[in-house]
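Student: input_6.txt is reproduced below (compact mmCIF, C-alpha atoms).
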```txt
# COMPACT_ATOMS: atom_id res chain seq x y z
CA MET I 1 22.49 -11.92 26.94
CA SER I 2 21.20 -8.66 28.42
CA LEU I 3 17.65 -8.22 29.67
CA GLU I 4 17.11 -5.49 27.07
CA LEU I 5 18.10 -7.89 24.28
CA VAL I 6 15.80 -10.59 25.66
CA LEU I 7 12.88 -8.14 25.83
CA ALA I 8 13.60 -6.79 22.33
CA THR I 9 13.77 -10.32 20.92
CA ALA I 10 10.54 -11.26 22.71
CA ALA I 11 8.78 -8.15 21.35
CA ILE I 12 9.85 -8.86 17.78
CA SER I 13 8.90 -12.53 18.13
CA MET I 14 5.47 -11.50 19.43
CA ALA I 15 5.18 -9.28 16.34
CA LEU I 16 5.77 -12.40 14.26
CA VAL I 17 3.03 -14.24 16.14
CA PHE I 18 0.46 -11.42 15.97
CA TYR I 19 1.19 -10.61 12.35
CA THR I 20 1.19 -14.23 11.20
CA VAL I 21 -2.06 -15.05 13.00
CA GLY I 22 -3.66 -11.87 11.64
CA VAL I 23 -2.57 -12.45 8.05
CA PHE I 24 -3.45 -16.13 7.86
CA SER I 25 -6.71 -15.97 9.79
CA GLU I 26 -7.85 -13.12 7.52
CA ARG I 27 -6.70 -15.10 4.50
CA LYS I 28 -8.59 -18.20 5.67
CA ALA I 29 -11.73 -16.24 6.55
CA GLY I 30 -11.70 -14.49 3.19
CA SER I 31 -12.82 -11.24 4.78
CA LEU I 32 -11.39 -8.70 7.14
CA SER I 33 -12.71 -8.43 10.68
CA LEU I 34 -11.97 -6.09 13.56
CA ARG I 35 -9.95 -8.92 15.16
CA HIS I 36 -7.62 -9.01 12.15
CA ALA I 37 -7.09 -5.24 12.18
CA VAL I 38 -6.32 -5.37 15.92
CA LEU I 39 -3.79 -8.18 15.35
CA PHE I 40 -2.08 -6.10 12.65
CA TRP I 41 -1.82 -3.09 14.99
CA MET I 42 -0.51 -5.32 17.80
CA GLY I 43 2.11 -6.77 15.45
CA LEU I 44 3.16 -3.28 14.41
CA ALA I 45 3.37 -2.11 18.04
CA CYS I 46 5.48 -5.11 19.06
CA ASP I 47 7.78 -4.82 16.04
CA THR I 48 8.28 -1.10 16.54
CA THR I 49 8.98 -1.60 20.26
CA GLY I 50 11.46 -4.40 19.59
CA THR I 51 13.13 -2.44 16.80
CA LEU I 52 13.54 0.65 18.98
CA MET I 53 15.04 -1.50 21.73
CA MET I 54 17.42 -3.17 19.25
CA THR I 55 18.42 0.26 17.94
CA SER I 56 19.17 1.36 21.49
CA ILE I 57 21.36 -1.71 22.00
CA ALA I 58 23.17 -1.05 18.70
CA ASN I 59 23.74 2.59 19.66
CA GLN I 60 25.37 1.42 22.91
CA GLY I 61 28.14 -0.18 20.88
CA ALA I 62 26.95 -3.76 20.50
CA VAL I 63 26.38 -3.31 16.78
CA MET I 64 25.85 -6.57 14.96
CA GLN I 65 27.42 -7.10 11.59
CA GLY I 66 25.00 -6.36 8.78
CA ALA I 67 23.08 -3.88 10.89
CA SER I 68 22.79 -1.34 8.08
CA ILE I 69 20.95 -3.60 5.61
CA HIS I 70 18.95 -5.02 8.49
CA GLY I 71 18.07 -1.51 9.65
CA VAL I 72 17.04 -0.32 6.20
CA SER I 73 14.95 -3.41 5.45
CA GLY I 74 13.45 -3.32 8.96
CA THR I 75 12.46 0.33 8.62
CA PHE I 76 10.91 -0.38 5.22
CA ALA I 77 9.00 -3.31 6.74
CA ILE I 78 7.66 -1.14 9.59
CA VAL I 79 6.49 1.50 7.11
CA LEU I 80 4.73 -1.23 5.11
CA MET I 81 3.18 -2.61 8.31
CA LEU I 82 1.89 0.86 9.18
CA ALA I 83 0.36 1.25 5.72
CA HIS I 84 -1.09 -2.25 5.98
CA ALA I 85 -2.65 -1.73 9.42
CA THR I 86 -4.05 1.63 8.30
CA TRP I 87 -5.53 0.10 5.14
CA ALA I 88 -6.99 -2.74 7.23
CA THR I 89 -8.67 -0.23 9.51
CA VAL I 90 -10.04 1.87 6.64
CA THR I 91 -11.21 -1.25 4.80
CA TYR I 92 -12.92 -2.58 7.90
CA ILE I 93 -14.65 0.73 8.67
CA ARG I 94 -15.82 1.29 5.09
CA ARG I 95 -16.92 -2.33 4.59
CA ASP I 96 -15.84 -1.93 0.98
CA GLU I 97 -16.15 -5.31 -0.72
CA ALA I 98 -13.74 -4.43 -3.54
CA MET I 99 -11.07 -3.40 -1.03
CA GLN I 100 -11.69 -6.54 1.04
CA ALA I 101 -11.43 -8.77 -2.04
CA SER I 102 -7.85 -7.66 -2.71
CA PHE I 103 -6.81 -7.09 0.88
CA HIS I 104 -5.60 -10.62 1.68
CA THR I 105 -3.14 -10.56 -1.25
CA PHE I 106 -1.63 -7.27 -0.06
CA SER I 107 -1.67 -8.62 3.49
CA THR I 108 0.32 -11.69 2.51
CA PHE I 109 2.74 -9.59 0.45
CA VAL I 110 3.45 -7.27 3.41
CA TRP I 111 3.93 -10.28 5.71
CA LEU I 112 6.45 -11.79 3.27
CA ILE I 113 8.37 -8.50 3.00
CA TRP I 114 8.37 -8.25 6.81
CA LEU I 115 9.89 -11.73 7.07
CA VAL I 116 13.04 -10.66 5.23
CA PRO I 117 14.44 -8.37 7.98
CA TYR I 118 13.12 -10.76 10.65
CA ILE I 119 15.14 -13.61 9.14
CA ILE I 120 18.18 -11.38 8.49
CA GLY I 121 18.19 -10.31 12.15
CA MET I 122 17.89 -13.90 13.29
CA LEU I 123 20.70 -15.15 11.04
CA VAL I 124 23.07 -12.30 11.86
CA GLY I 125 22.18 -11.98 15.54
CA ILE I 126 22.09 -15.56 16.79
CA PRO I 127 25.65 -16.45 17.87
CA ALA I 128 25.35 -20.11 16.84
CA ILE I 129 24.36 -19.09 13.29
CA HIS I 130 26.04 -15.66 12.96
CA LEU I 131 26.09 -15.39 9.18
CA GLN I 132 27.78 -12.50 7.43
CA ALA I 133 25.36 -9.82 6.20
CA VAL I 134 25.50 -10.78 2.52
CA CYS I 135 24.86 -14.46 3.29
CA ALA I 136 22.05 -13.55 5.70
CA VAL I 137 20.34 -11.33 3.13
CA GLY I 138 20.62 -13.98 0.42
CA THR I 139 19.40 -16.72 2.74
CA ALA I 140 16.46 -14.58 3.91
CA ILE I 141 15.43 -13.77 0.35
CA VAL I 142 15.63 -17.42 -0.72
CA ALA I 143 13.65 -18.53 2.35
CA VAL I 144 10.94 -15.93 1.77
CA ALA I 145 10.78 -16.78 -1.95
CA ALA I 146 10.26 -20.45 -1.03
CA ILE I 147 7.48 -19.50 1.41
CA ALA I 148 5.87 -17.26 -1.23
CA ALA I 149 5.99 -20.08 -3.77
CA ALA I 150 4.40 -22.45 -1.28
CA LEU I 151 1.63 -19.91 -0.63
CA PHE I 152 0.89 -18.72 -4.15
CA VAL I 153 1.80 -21.52 -6.56
CA PRO I 154 -0.79 -24.04 -5.27
CA SER I 155 -3.61 -21.47 -5.60
CA ARG I 156 -2.46 -20.62 -9.14
CA LEU I 157 -2.42 -24.33 -10.02
CA ARG I 158 -5.92 -24.82 -8.59
CA ALA I 159 -7.17 -21.81 -10.58
CA ALA I 160 -5.59 -23.13 -13.78
CA HIS I 161 -7.05 -26.58 -13.13
CA ARG I 162 -10.58 -25.14 -12.79
CA LYS I 163 -10.38 -23.51 -16.25
```
So, in terms of structure tokens, how does the structure I just supplied come out?

Tutor:
Amino acid sequence: MSLELVLATAAISMALVFYTVGVFSERKAGSLSLRHAVLFWMGLACDTTGTLMMTSIANQGAVMQGASIHGVSGTFAIVLMLAHATWATVTYIRRDEAMQASFHTFSTFVWLIWLVPYIIGMLVGIPAIHLQAVCAVGTAIVAVAAIAAALFVPSRLRAAHRK
């Protein structure tokens, strides 16, 4: 494994850490803080850095199978992360309670969307797993749907139980 691939993988994995900590600490706190916004920007920076490095590796000829769907979904995820970090910053600066009340739902949604290309890249890129693109996409979607259900169904059940 090349040093560039190790660094790209580390950068994208750090994006996962920053983004996950940011999303779930904001979700737990119930309000957005400067710390959360900074974590979102750090996640975006790490993901963009790792993605650019992976693109460079792919352009050198070591293209992994399924790169096109991974590239499209990854680009979409980065655009969503940029919108999310920007909205976090604006929401924090304005101290708008209505925006803050709905922010954690959007935050979780963006995190879930971001997980899809992360999981696709992992499934297609790890030699021991090395799934074909279609299988990797399907597996990623099923995994993210299961995580979403685990996150949202219990809160819906609690809300229904309170009524």

Student: Output, as lines of an AutoDock Vina configuration file, the centre and edge lengths in Å (one decimal) of the axis-aligned box that contains all listed atoms of range 134-151 of chain I with 5 Å of margin on each side.

Tutor:
```
center_x = 13.6
center_y = -16.6
center_z = 1.0
size_x = 33.9
size_y = 21.7
size_z = 19.5
```

Student: Measuring atom to atom with all atoms listed in the file, identify which of I:Leu115, I:Ala88, I:Val137, I:Gly121 is nearest to Ala101 in chain I.

Tutor: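 Among I:Leu115, I:Ala88, I:Val137, I:Gly121, it is I:Ala88 that comes nearest to Ala101 in chain I.
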
Student: Could you list, as number ranges by chain, every residue within 9 Å of Arg35 in chain I, counting all atoms listed in the file and ignoring same-chain residues fewer than 5 positions away?

Tutor: I: 22, 26, 40

Student: Just give me the gap between CA of Ile78 in chain I and CA of Phe106 in chain I in Å, one decimal is fine.

Tutor: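 These two atoms are separated by 14.7 Å.
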
Student: Applying 10 Å and all atoms listed in the file, which residues near Met42 in chain I remain after dropping the ones on its own chain fewer than 5 positions away? List them as a list in words.

Tutor: Met14, Ala15, Val17, Phe18, Tyr19, Gly22, His36, Ala37, Asp47, Thr48 and Ala85 of chain I

Student: Could you check which of I:Val116, I:Val110, I:Leu123, I:Val72 is closest to Trp87 in chain I, using all atoms listed in the file?

Tutor: I:Val110

Student: Which residue gives the smallest distance to Leu131 in chain I among I:Ala143, I:Ala77, I:Ile119, I:Ala10, with only C-alpha atoms counted?

Tutor: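 Closest residue, counting only C-alpha atoms: I:Ile119.
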
Student: Which one is closest to Gly71 in chain I: I:Ala146, I:Ile113, I:Ala45, I:Ile120? Count only C-alpha atoms.

Tutor: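 Among the listed residues, I:Ile120 lies closest to Gly71 in chain I.
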
Student: In the coordinate frame of the file, compute which residues have an atom within 6 Å of (17.8, -3.5, 24.5) when using all atoms listed in the file, and state them as an MDAnalysis selection string.

Tutor: chainID I and resid 4:5 8 53:54 56:57

Student: Can you write out the residues you just picked, keeping C-alpha atoms, as an mmCIF file, keeping the file's coordinate frame?

Tutor:
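again-v7.cif was written with the following content:
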```cif
data_model
loop_
_atom_site.group_PDB
_atom_site.id
_atom_site.type_symbol
_atom_site.label_atom_id
_atom_site.label_comp_id
_atom_site.auth_asym_id
_atom_site.auth_seq_id
_atom_site.Cartn_x
_atom_site.Cartn_y
_atom_site.Cartn_z
ATOM 1 C CA GLU I 4 17.110 -5.490 27.070
ATOM 2 C CA LEU I 5 18.100 -7.890 24.280
ATOM 3 C CA ALA I 8 13.600 -6.790 22.330
ATOM 4 C CA MET I 53 15.040 -1.500 21.730
ATOM 5 C CA MET I 54 17.420 -3.170 19.250
ATOM 6 C CA SER I 56 19.170 1.360 21.490
ATOM 7 C CA ILE I 57 21.360 -1.710 22.000
#
```

Student: Neighbouring residues of Tyr118 in chain I were defined as those with any atom within 9 Å, considering all atoms listed in the file; residues of the same chain fewer than 6 positions away were excluded. Please report them as a PyMOL selection string.

Tutor: chain I and resi 12-13+16+70+74+140

Student: Using all atoms listed in the file for the distances, tell me which of I:Phe103, I:Phe152, I:Phe24, I:Trp114 is nearest to Thr86 in chain I.

Tutor: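 Checking each of I:Phe103, I:Phe152, I:Phe24, I:Trp114 against Thr86 in chain I, counting all atoms listed in the file, the winner is I:Phe103.
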
Student: For Ala133 in chain I, which of I:Ser31, I:Gln60, I:Thr55, I:Ser68 is the closest residue, counting only C-alpha atoms?

Tutor: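 The answer is I:Ser68, which sits nearest to Ala133 in chain I.
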